[in-house]
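> One structure, as structure tokens, below. Some questions next.
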Amino acid sequence: MNLITLAWRNLLRNRRRSLLAIISTFLATMLITMGNGLTEGFLVSMVRNYAKNETGHVHIATQAYRQRSRFMPVDDSIENISELVQQLESTAAMQPGIAGQSQGQVVTVAPRIRFGVLLSSGTYTKPAVAIAGDPERERELLMLHTSLLPGSSYLDDPGSVIIGEQLAKDLHLGLGDRLRLISTRADGGMAFKSLRITGIFRTGTNALDGSVFQMRLDDAQSMLGMEGGAQQILVMLRDYRHAQAEAVRIDQMLKASGRDNLSVLPWTSIGDYPAIIQMANSVYLIMWFFVALLGAFIIANIMTMVVLERRRETGILMSMGMPQRAIIGMYLLEGTALGFGGSLLGTIAGTAFNLAFSRKGFDFSSGLAGFTWPIDNIIRPVVSPAGLLIGLCMCTLAAMLMSFMPALRASNMEPVEAIKAVE
């Protein structure tokens with residue numbers, strides 16, 4: 001009789017006890033699968049909200065701009081930006097689909113200019129930061145239109161601008177007033193522009209409401225002497241985990257088209273934020289493994305009882321020539337089978353929960369209200385092959401580890417003493 005058959009028969013000898021162990025690992029695995037789906041959704045949201053405001057999942061800029069990016073230089077720009085955007089979008093559409101999707105990874109390609117200005121209104125002046133981009137693309141990225149006050153309109157027409165509420169108060173301006181901008185052109189000369197305020201936004205964050213405004217890309221290009229150019233391009237993907245591969249693909253495409261001066265980096269290579277995401281992911285994995293150990297703890301108790309109850313039986317098997325490794329394997333198989341059965345059921349239940357809520361998601365608007373930028377507050381549980389394996393593998397492995405010490409104890413019995421033991 002092989003070990004698998006022997007272990008299976010032993011499990012059926014006490015069905016209630018086996019059921020208790022399965023329920024324990026079932027609950028632990030279901031919690032891990034559900035929790036991992038939610039935390040993965042939270043990390044996806046964190047990365048998306050960071051990327052859409054700062055770098056994109058893939059960031060494209062000139063080598064010279066990259067070296068001085070913190071100063072927001074306007075003299076190092078990407079030329080023929082509309083042509084490049086079209087090229088990126090067309091090659092992305094040609095990429096093979098993933099997960100049943102008909103398109104590739106690229107979702108949005110957004111050119112952007114960010115520069116410092118001095119704002120003027122009569123006798124009032126104030127320094128500020130301008131963010132310029134295509135209005136339709138920036139609706140899904142900056143999302144400042146979601147914070148506009150009543151009576152405001154978004155950047156519908158050339159020559160329009162939206163500003164923070166505190167910035168408008170400091171300059172004593174309101175809807176319909178003219179906002180005068182003073183900055184430095186790409187050629188080093190002075191740039192002047194007068195725009196009409198069509199919207200005032202209130203995010204509740206002083207750093208944003210008091211020093212930032214948004215304008216159209218074409219207005220910024222004409223003001224700065226960057227006709228047809230932009231400082232940077234933000235590429236947003238369906239899945240942030242494909243950023244490295246997409247960056248390599250885009251870099252190869254640009255080099256093939258003669259744009260060797262451009263630098264293409266994934267979001268993971270810019271700033272300290274990626275390290276925070278990686279640390280959070282590691283902490284979650286460690287936490288889930290401890291949950292798996294707790295779920296498998298009852299298996300350790302059950303297997304200890306089983307070893308004590310079956311001392312005589314184990315002694316007889318050893319006296320008949322069963323080697324120690326076979327004794328260990330038999331008990332390990334029993335504990336692992338209990339863990340795998342509960343883990344499999346728990347994974348199915350947890351995945352069903354994640355699938356049920358992955359479309360609608362959970363609204364964390366109140367909990368995330370303190371973030372410095374308007375963000376997408378809907379957290380959607382993520383269902384992925386890796387997520388399915390985490391709970392299943394962790395709880396099965398934990399059950400195996402918890403069963404090892406009782407199995408080792410059984411294999412170290414003296415056959416004669418074990419046979420003499422009273423059941």
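Please note that chains go A, B, ... in the order of the structure tokens, that every chain numbers its residues from 1, and that ligands are numbered from 1 in the order shown.
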Please report, as CSV, each residue of segment 184-273 of chain A lying at most 8 Å from segment 79-94 of chain A, together with the nearest pair of atoms and the separation in Å rounded to one decimal; use only C-alpha atoms, and order rows by chain and ascending residue number.

residue,atom,partner,partner_atom,distance
A:Gly228,CA,A:Asn80,CA,5.1
A:Gly229,CA,A:Glu79,CA,4.5
A:Ala230,CA,A:Ile81,CA,6.4
A:Ile250,CA,A:Leu88,CA,7.7
> Print the selection's residues with C-alpha atoms to a file, as a CSV table (one decimal), in the first residue's frame.

chain,number,residue,atom,x,y,z
A,228,GLY,CA,4.5,71.5,-31.3
A,229,GLY,CA,6.6,70.5,-28.3
A,230,ALA,CA,6.2,69.4,-24.6
A,250,ILE,CA,8.8,52.1,-26.4
> What lies within 7 Å of segment 56-63 of chain A using only C-alpha atoms, ignoring chain neighbours under 3 positions off, as a list of chain:residue names?
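The contact residues come out as A:Ala51, A:Lys52, A:Arg66, A:Gln67, A:Asp76, A:Ser77, A:Ile78, A:Gln231, A:Gln232, A:Ile233, A:Leu234, A:Val235, A:Met236, A:Leu237, A:Tyr240, A:Ala243, A:Ala247, A:Asn261, A:Leu262, A:Ser263, A:Val264, A:Leu265, A:Pro266, A:Trp267.
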> I need the residue nearest Met279 of chain A from this list: A:Leu401, A:Ala28, A:Leu43, A:Leu175. Use only C-alpha atoms for the distance.
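The answer is A:Leu43, which sits nearest to Met279 of chain A.
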> When you draw a straight line from atom CA of Pro73 of chain A to atom CA of Ile113 of chain A, how long is it in Å?
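Value for the atom CA of Pro73 of chain A-atom CA of Ile113 of chain A distance: 9.5 Å.
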> So, counting only C-alpha atoms, which residue among A:Met223, A:Ala110, A:Ala168, A:Ile163 is closest to Tyr124 of chain A?
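Distance minimum relative to Tyr124 of chain A lands on A:Ala168.
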> Applying 8 Å and only C-alpha atoms, which residues near Phe42 of chain A remain after dropping the ones on its own chain fewer than 6 positions away? List them as an MDAnalysis selection string.
chainID A and resid 379:381
> Pull C-alpha atoms from the residues just selected and write them as an mmCIF file, in the first residue's frame.

data_model
loop_
_atom_site.group_PDB
_atom_site.id
_atom_site.type_symbol
_atom_site.label_atom_id
_atom_site.label_comp_id
_atom_site.auth_asym_id
_atom_site.auth_seq_id
_atom_site.Cartn_x
_atom_site.Cartn_y
_atom_site.Cartn_z
ATOM 1 C CA ILE A 379 -10.684 50.390 -4.565
ATOM 2 C CA ARG A 380 -11.466 47.306 -6.644
ATOM 3 C CA PRO A 381 -10.356 43.858 -5.488
#
> Would you please work out which residue, of A:Pro415, A:Pro150, A:Gly350, A:Gly361, is nearest to Thr33 of chain A when using only C-alpha atoms?
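Once distances to Thr33 of chain A are computed over only C-alpha atoms, the minimum belongs to A:Gly350.
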> Choose the residue, out of A:Ser69, A:Ser152, A:Gln221, A:Thr146, that has the smallest atom-to-atom separation from Thr203 of chain A; count only C-alpha atoms.
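Counting only C-alpha atoms, the residue closest to Thr203 of chain A is A:Thr146.
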> If DSSP is run on the backbone, what residues of segment 220-357 of chain A are strand (DSSP E)? A reply as a list in words would be ideal.
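Those residues are Gln232, Ile233, Leu234, Val235, Met236, Leu237, Leu262, Ser263, Val264, Leu265 and Pro266 of chain A.
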> Which residue gives the smallest distance to Met303 of chain A among A:Met402, A:Met394, A:Leu254, A:Leu208, with only C-alpha atoms counted?
A:Met402
> Using only C-alpha atoms, which of the listed residues (A:Leu333, A:Arg48, A:Glu417, A:Ser183) sits closest to Thr5 of chain A?
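Nearest to Thr5 of chain A: A:Leu333.
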> Please identify all polymer residues within 8 Å of Asn354 of chain A, counting only C-alpha atoms, omitting same-chain residues fewer than 6 positions from it, and present them as a compact mmCIF listing (two decimals) with C-alpha atoms, in the first residue's frame.

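See around.txt below for the written result:
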# COMPACT_ATOMS: atom_id res chain seq x y z
CA MET A 34 -9.98 38.26 0.08
CA GLY A 37 -7.31 40.97 -3.48
CA LEU A 38 -8.20 44.12 -1.55
CA PRO A 381 -10.36 43.86 -5.49
CA VAL A 382 -7.90 42.33 -7.93
CA VAL A 383 -8.27 38.76 -9.18
> Within 12 Å of Asp170 of chain A, counting only C-alpha atoms, which residues show up once you throw out same-chain ones fewer than 6 positions away? Write them as a ChimeraX atom specification, please.
/A:119-128,163-164,209-211
> What does the distance from atom CA of Ala132 of chain A to atom CA of Asn53 of chain A come to in Å, to one decimal?
12.1 Å
> Record the distance separating atom CA of Leu144 of chain A and atom CA of Met226 of chain A, expressed in Å with one decimal.
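Those two atoms sit 24.4 Å apart.
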> Pick out each residue of segment 115-162 of chain A that DSSP on the backbone tags as helix (DSSP H, G or I); I need them as an mmCIF file with C-alpha atoms, in the first residue's frame.

data_model
loop_
_atom_site.group_PDB
_atom_site.id
_atom_site.type_symbol
_atom_site.label_atom_id
_atom_site.label_comp_id
_atom_site.auth_asym_id
_atom_site.auth_seq_id
_atom_site.Cartn_x
_atom_site.Cartn_y
_atom_site.Cartn_z
ATOM 1 C CA PRO A 135 -7.951 68.862 -21.573
ATOM 2 C CA GLU A 136 -9.636 65.603 -22.559
ATOM 3 C CA ARG A 137 -6.677 63.471 -21.543
ATOM 4 C CA GLU A 138 -6.135 65.389 -18.305
ATOM 5 C CA ARG A 139 -9.737 64.800 -17.248
ATOM 6 C CA LEU A 144 -9.235 68.742 -11.244
ATOM 7 C CA HIS A 145 -12.582 69.045 -12.982
ATOM 8 C CA THR A 146 -14.075 66.962 -10.154
ATOM 9 C CA SER A 147 -13.244 69.742 -7.662
#
